[in-house]
Amino acid sequence: MQEQNIRYSQFHITHPIPDENHIQNVFESFINEYKNFRINVPIGCITDKCSLKQKERSDFSVFCGAGGYLYLYLRIYEFVQTLSPDLQQQCTKGLTDQELSEFYNPETFLSLALQQYQALQPQLKADDDISFFMSNSTIYLLGADLFYYLKDQENFKKCVTEVLSHFGNIVAQSEKYEQELLYGIPGYLYSLLWLHKKYSNEKDQFQLDLSSHIHTICQIIRKFTGNGIMKCDFHNRSYFGAAHGILGVIQMLLLSYESCKEYFHLKDEQGLLQMLESIQNTLDYLIKLYYQYGNLPSSAQNEKNLKLYQFCHGIPGAIAPILKAYQIFNKQDYLNAAIHMCENLYKYGMIKKGYGLCHGIPGNSYGFIQLYRITGSEKLRQYAFQFLQYKKNPHIYNEIKNFPFKDRYNIGISDNPFSLMMGSIGDMCAMMDFINYKRMPGYEI
Ligand SMILES: [Zn+2]
């Protein structure tokens, strides 16, 4: 009877977006990628699986090397462990009954992670790289998590000691290192933030408070960025984006402040206020540039280069720090800018480079979900869904597979098709985060 009333009193048709299909379809895409990964990348592989025309080499970085394989197994472990029973019921497509019970057995991915770690660790050599994305020591960072899950306190401590071993050198010779996220000191700060977030509230032997380390590194970074509108110089240019530029630095500084707020206030109130003011000045300046141009140029020296809509250059890497700033400073302008950016990202972000997180479509899907988590607008989930289904859309996928890029070895294939930042591991992380959000790899904690 009630239904009949609505039928006659309501003039529009209600057409809710069927949410469960989005999750089922994204999960199925994830499983397809995972199966393809397992066929091509053996357990314990230590090389950077690459496209033909290049020579495979030992590479332990999580950016495009074998560190990413360890990262993946731990991410799936975390995904499975924290998936609600309701979501588990929706996430079954693409798996046989036997595969399903293996998938939802947490031991499966813990054991794969352990095998991958045991293959990598004996081959590790000390390197000059320090950042989360590039350093061999990131294997130890991931190892700390692995041994924490395995309740192996001794190995956990060894791993943490290895990660912290860079700290002294960075403090003593900070000018020797880069100042951007991908290779530099802010990239090391990310590893410290990771450990602090995970273990500062732990009890007993796994407890780890890195507030003082984090504060010291922030002070070093602030020396290089300067006050007012901050700068991040890399190869003689002042870059704006996430990977090489000031936005990546701001994101790390905001995460540091958020993680160790009390310590920062106690230690140096004056310095903190100056840092927060400089961050706002810089964001205000970048947002003004964005409204002027419709994107952010790659650097101050190249204001005409506005064509890059990808994590490393342009607005995709701006959304996370602008939203973090909105949460901290409660400025409506920041939320408005992020909303405006997402509409532009939807228009221009389905990029022909296609794969991965650094300069790929799944990397761009993160902006929509980051904003969705604040505004709850279903439209944003729809945008992210479309971006994550890029391989299923023949019009889009054909374009990606046939578009020649000068800086790529093969037409239509990522140079490292199974890597975290340029290949399918990144795609899989974005798909897991669509279903059960954790963090954008290397950018959120
Ligand atoms: Zn990139």
# chains A, B, ... in the order shown; residues from 1 in each chain; ligands from 1

call {"tool": "residues_around", "arguments": {"residues": "stretch 414-430 of chain A", "least_positions_apart": "4", "cutoff": "9 Å", "atoms": "only C-alpha atoms", "output": "PyMOL selection string"}}
result
chain A and resi 29-31+33-34+37+40-41+48-52+54+62-69+71-72+75-76+133+353-363+365-366+388+408-410+434-435+437+439-441

call {"tool": "residues_around", "arguments": {"residues": "A:Leu210", "least_positions_apart": "4", "cutoff": "9 Å", "atoms": "only C-alpha atoms", "output": "ChimeraX atom specification"}}
result
/A:192-193,195-196,200,214-215,260

call {"tool": "write_last_selection", "arguments": {"atoms": "C-alpha atoms", "output": "mmCIF file, in the first residue's frame"}}
result
data_model
loop_
_atom_site.group_PDB
_atom_site.id
_atom_site.type_symbol
_atom_site.label_atom_id
_atom_site.label_comp_id
_atom_site.auth_asym_id
_atom_site.auth_seq_id
_atom_site.Cartn_x
_atom_site.Cartn_y
_atom_site.Cartn_z
ATOM 1 C CA LEU A 192 59.890 7.123 10.608
ATOM 2 C CA LEU A 193 56.242 8.202 10.512
ATOM 3 C CA LEU A 195 57.025 3.151 12.523
ATOM 4 C CA HIS A 196 55.777 5.827 14.904
ATOM 5 C CA SER A 200 54.016 4.352 19.481
ATOM 6 C CA ILE A 214 60.593 13.076 13.635
ATOM 7 C CA HIS A 215 60.901 16.551 15.125
ATOM 8 C CA CYS A 260 53.496 14.196 17.253
#

call {"tool": "closest_residue", "arguments": {"among": "A:Gln81, A:Gln280, A:Gln89, A:Gln179", "to": "A:Asn227", "atoms": "only C-alpha atoms"}}
result
A:Gln280

call {"tool": "atom_distance", "arguments": {"atom1": "atom CA of A:Leu296", "atom2": "atom CA of A:Ile315"}}
result
5.8 Å

call {"tool": "closest_residue", "arguments": {"among": "A:Gln115, A:Asn364, A:Gln270, A:Gln153", "to": "A:Leu308", "atoms": "only C-alpha atoms"}}
result
A:Asn364

call {"tool": "select_by_dssp", "arguments": {"residues": "stretch 266-437 of chain A", "states": "helix (DSSP H, G or I)", "output": "PyMOL selection string"}}
result
chain A and resi 266-267+269-293+315-329+332-348+361-375+378-388+390-392+394-402+424-435

call {"tool": "closest_residue", "arguments": {"among": "A:Asp209, A:Asp407, A:Glu107, A:Asp59", "to": "ligand 1", "atoms": "only C-alpha atoms and all ligand atoms"}}
result
A:Asp407

call {"tool": "residues_around", "arguments": {"residues": "A:Gly187", "least_positions_apart": "5", "cutoff": "9 Å", "atoms": "only C-alpha atoms", "output": "PyMOL selection string"}}
result
chain A and resi 130-134+179-182+248-249+252+442

call {"tool": "write_last_selection", "arguments": {"atoms": "N, CA and C atoms", "output": "compact mmCIF listing (two decimals), in the first residue's frame"}}
result
# COMPACT_ATOMS: atom_id res chain seq x y z
N ILE A 130 68.14 6.72 0.99
CA ILE A 130 67.55 6.76 2.33
C ILE A 130 66.03 6.72 2.32
N SER A 131 65.42 7.00 1.17
CA SER A 131 63.97 7.23 1.17
C SER A 131 63.17 5.92 1.18
N PHE A 132 61.93 6.02 1.61
CA PHE A 132 61.03 4.87 1.60
C PHE A 132 60.98 4.24 0.21
N PHE A 133 60.84 5.04 -0.83
CA PHE A 133 60.68 4.49 -2.17
C PHE A 133 61.94 3.84 -2.72
N MET A 134 63.11 4.34 -2.35
CA MET A 134 64.33 3.93 -3.03
C MET A 134 65.32 3.11 -2.20
N GLN A 179 66.24 16.85 -1.10
CA GLN A 179 65.23 17.41 -0.19
C GLN A 179 63.81 17.10 -0.63
N GLU A 180 63.65 16.17 -1.57
CA GLU A 180 62.30 15.82 -2.04
C GLU A 180 61.92 14.42 -1.56
N LEU A 181 60.68 14.05 -1.82
CA LEU A 181 60.14 12.82 -1.27
C LEU A 181 60.73 11.56 -1.90
N LEU A 182 60.91 11.56 -3.20
CA LEU A 182 61.26 10.32 -3.88
C LEU A 182 62.65 9.78 -3.49
N GLY A 248 54.90 17.21 -1.79
CA GLY A 248 55.30 15.98 -1.08
C GLY A 248 55.90 16.32 0.28
N VAL A 249 56.68 17.41 0.31
CA VAL A 249 57.31 17.84 1.57
C VAL A 249 56.24 18.30 2.56
N MET A 252 54.45 15.45 4.21
CA MET A 252 55.22 14.81 5.28
C MET A 252 55.24 15.68 6.54
N GLY A 442 53.30 5.15 0.33
CA GLY A 442 54.38 6.14 0.33
C GLY A 442 53.93 7.57 0.56

call {"tool": "atom_distance", "arguments": {"atom1": "atom CA of A:Gln123", "atom2": "atom CA of A:Tyr77"}}
result
24.2 Å

call {"tool": "closest_residue", "arguments": {"among": "A:Phe329, A:Tyr140, A:Phe60, A:Phe224", "to": "A:Tyr257", "atoms": "only C-alpha atoms"}}
result
A:Phe329

call {"tool": "decode", "arguments": {"residues": "stretch 350-389 of chain A", "atoms": "N, CA and C atoms", "output": "tab-separated table (two decimals), in the first residue's frame"}}
result
chain	number	residue	atom	x	y	z
A	350	MET	N	42.38	10.59	-16.70
A	350	MET	CA	42.41	9.24	-17.30
A	350	MET	C	43.57	9.24	-18.30
A	351	ILE	N	44.79	9.21	-17.80
A	351	ILE	CA	45.97	9.51	-18.62
A	351	ILE	C	46.41	8.30	-19.45
A	352	LYS	N	47.01	8.60	-20.60
A	352	LYS	CA	47.37	7.54	-21.54
A	352	LYS	C	48.55	6.70	-21.06
A	353	LYS	N	49.29	7.18	-20.06
A	353	LYS	CA	50.36	6.35	-19.50
A	353	LYS	C	49.78	5.15	-18.79
A	354	GLY	N	48.55	5.25	-18.33
A	354	GLY	CA	47.80	4.09	-17.85
A	354	GLY	C	48.16	3.55	-16.48
A	355	TYR	N	49.20	2.73	-16.44
A	355	TYR	CA	49.44	1.84	-15.30
A	355	TYR	C	50.07	2.51	-14.06
A	356	GLY	N	49.70	1.98	-12.91
A	356	GLY	CA	50.47	2.26	-11.69
A	356	GLY	C	50.07	3.52	-10.94
A	357	LEU	N	50.89	3.84	-9.95
A	357	LEU	CA	50.56	4.94	-9.04
A	357	LEU	C	51.29	6.24	-9.36
A	358	CYS	N	52.55	6.15	-9.78
A	358	CYS	CA	53.35	7.37	-9.91
A	358	CYS	C	52.83	8.25	-11.04
A	359	HIS	N	52.62	7.64	-12.21
A	359	HIS	CA	52.01	8.40	-13.31
A	359	HIS	C	51.01	7.50	-14.01
A	360	GLY	N	50.00	7.13	-13.26
A	360	GLY	CA	49.01	6.20	-13.80
A	360	GLY	C	47.60	6.52	-13.33
A	361	ILE	N	46.65	5.85	-13.96
A	361	ILE	CA	45.23	6.09	-13.66
A	361	ILE	C	44.85	5.63	-12.24
A	362	PRO	N	45.29	4.44	-11.79
A	362	PRO	CA	44.97	4.05	-10.41
A	362	PRO	C	45.54	5.03	-9.39
A	363	GLY	N	46.73	5.59	-9.66
A	363	GLY	CA	47.29	6.61	-8.77
A	363	GLY	C	46.35	7.80	-8.67
A	364	ASN	N	45.75	8.18	-9.81
A	364	ASN	CA	44.83	9.32	-9.82
A	364	ASN	C	43.50	9.00	-9.13
A	365	SER	N	43.16	7.71	-9.03
A	365	SER	CA	41.89	7.36	-8.35
A	365	SER	C	41.96	7.72	-6.86
A	366	TYR	N	43.16	7.79	-6.32
A	366	TYR	CA	43.29	8.07	-4.88
A	366	TYR	C	42.69	9.42	-4.47
A	367	GLY	N	42.86	10.44	-5.33
A	367	GLY	CA	42.32	11.77	-4.99
A	367	GLY	C	40.82	11.70	-4.72
A	368	PHE	N	40.10	10.96	-5.56
A	368	PHE	CA	38.64	10.86	-5.39
A	368	PHE	C	38.28	10.20	-4.05
A	369	ILE	N	39.00	9.14	-3.72
A	369	ILE	CA	38.66	8.42	-2.49
A	369	ILE	C	39.07	9.24	-1.27
A	370	GLN	N	40.20	9.96	-1.39
A	370	GLN	CA	40.62	10.81	-0.26
A	370	GLN	C	39.55	11.87	0.03
A	371	LEU	N	38.99	12.45	-1.02
A	371	LEU	CA	37.94	13.46	-0.80
A	371	LEU	C	36.62	12.79	-0.37
A	372	TYR	N	36.34	11.64	-0.94
A	372	TYR	CA	35.12	10.89	-0.57
A	372	TYR	C	35.10	10.62	0.93
A	373	ARG	N	36.27	10.30	1.49
A	373	ARG	CA	36.32	9.97	2.91
A	373	ARG	C	35.98	11.18	3.79
A	374	ILE	N	36.05	12.38	3.21
A	374	ILE	CA	35.69	13.57	3.97
A	374	ILE	C	34.26	14.03	3.67
A	375	THR	N	33.89	14.05	2.39
A	375	THR	CA	32.56	14.60	2.04
A	375	THR	C	31.48	13.52	1.95
A	376	GLY	N	31.89	12.26	1.71
A	376	GLY	CA	30.90	11.20	1.56
A	376	GLY	C	30.12	11.26	0.25
A	377	SER	N	30.56	12.09	-0.71
A	377	SER	CA	29.83	12.21	-1.97
A	377	SER	C	29.99	10.96	-2.83
A	378	GLU	N	28.87	10.29	-3.11
A	378	GLU	CA	28.89	9.03	-3.87
A	378	GLU	C	29.50	9.20	-5.26
A	379	LYS	N	29.31	10.41	-5.81
A	379	LYS	CA	29.84	10.69	-7.15
A	379	LYS	C	31.35	10.40	-7.21
A	380	LEU	N	32.04	10.69	-6.12
A	380	LEU	CA	33.49	10.51	-6.09
A	380	LEU	C	33.87	9.03	-6.15
A	381	ARG	N	33.05	8.20	-5.49
A	381	ARG	CA	33.31	6.75	-5.55
A	381	ARG	C	33.08	6.25	-6.97
A	382	GLN	N	32.09	6.81	-7.62
A	382	GLN	CA	31.80	6.48	-9.02
A	382	GLN	C	33.00	6.83	-9.90
A	383	TYR	N	33.57	8.03	-9.68
A	383	TYR	CA	34.76	8.45	-10.43
A	383	TYR	C	35.90	7.43	-10.22
A	384	ALA	N	36.14	7.10	-8.95
A	384	ALA	CA	37.25	6.19	-8.63
A	384	ALA	C	36.99	4.83	-9.27
A	385	PHE	N	35.75	4.38	-9.21
A	385	PHE	CA	35.38	3.10	-9.81
A	385	PHE	C	35.72	3.10	-11.29
A	386	GLN	N	35.31	4.17	-11.97
A	386	GLN	CA	35.59	4.25	-13.41
A	386	GLN	C	37.09	4.21	-13.68
A	387	PHE	N	37.86	4.90	-12.87
A	387	PHE	CA	39.31	4.93	-13.06
A	387	PHE	C	39.91	3.53	-12.83
A	388	LEU	N	39.37	2.81	-11.85
A	388	LEU	CA	39.95	1.50	-11.54
A	388	LEU	C	39.54	0.42	-12.53
A	389	GLN	N	38.54	0.72	-13.34
A	389	GLN	CA	38.10	-0.25	-14.35
A	389	GLN	C	38.71	0.08	-15.72
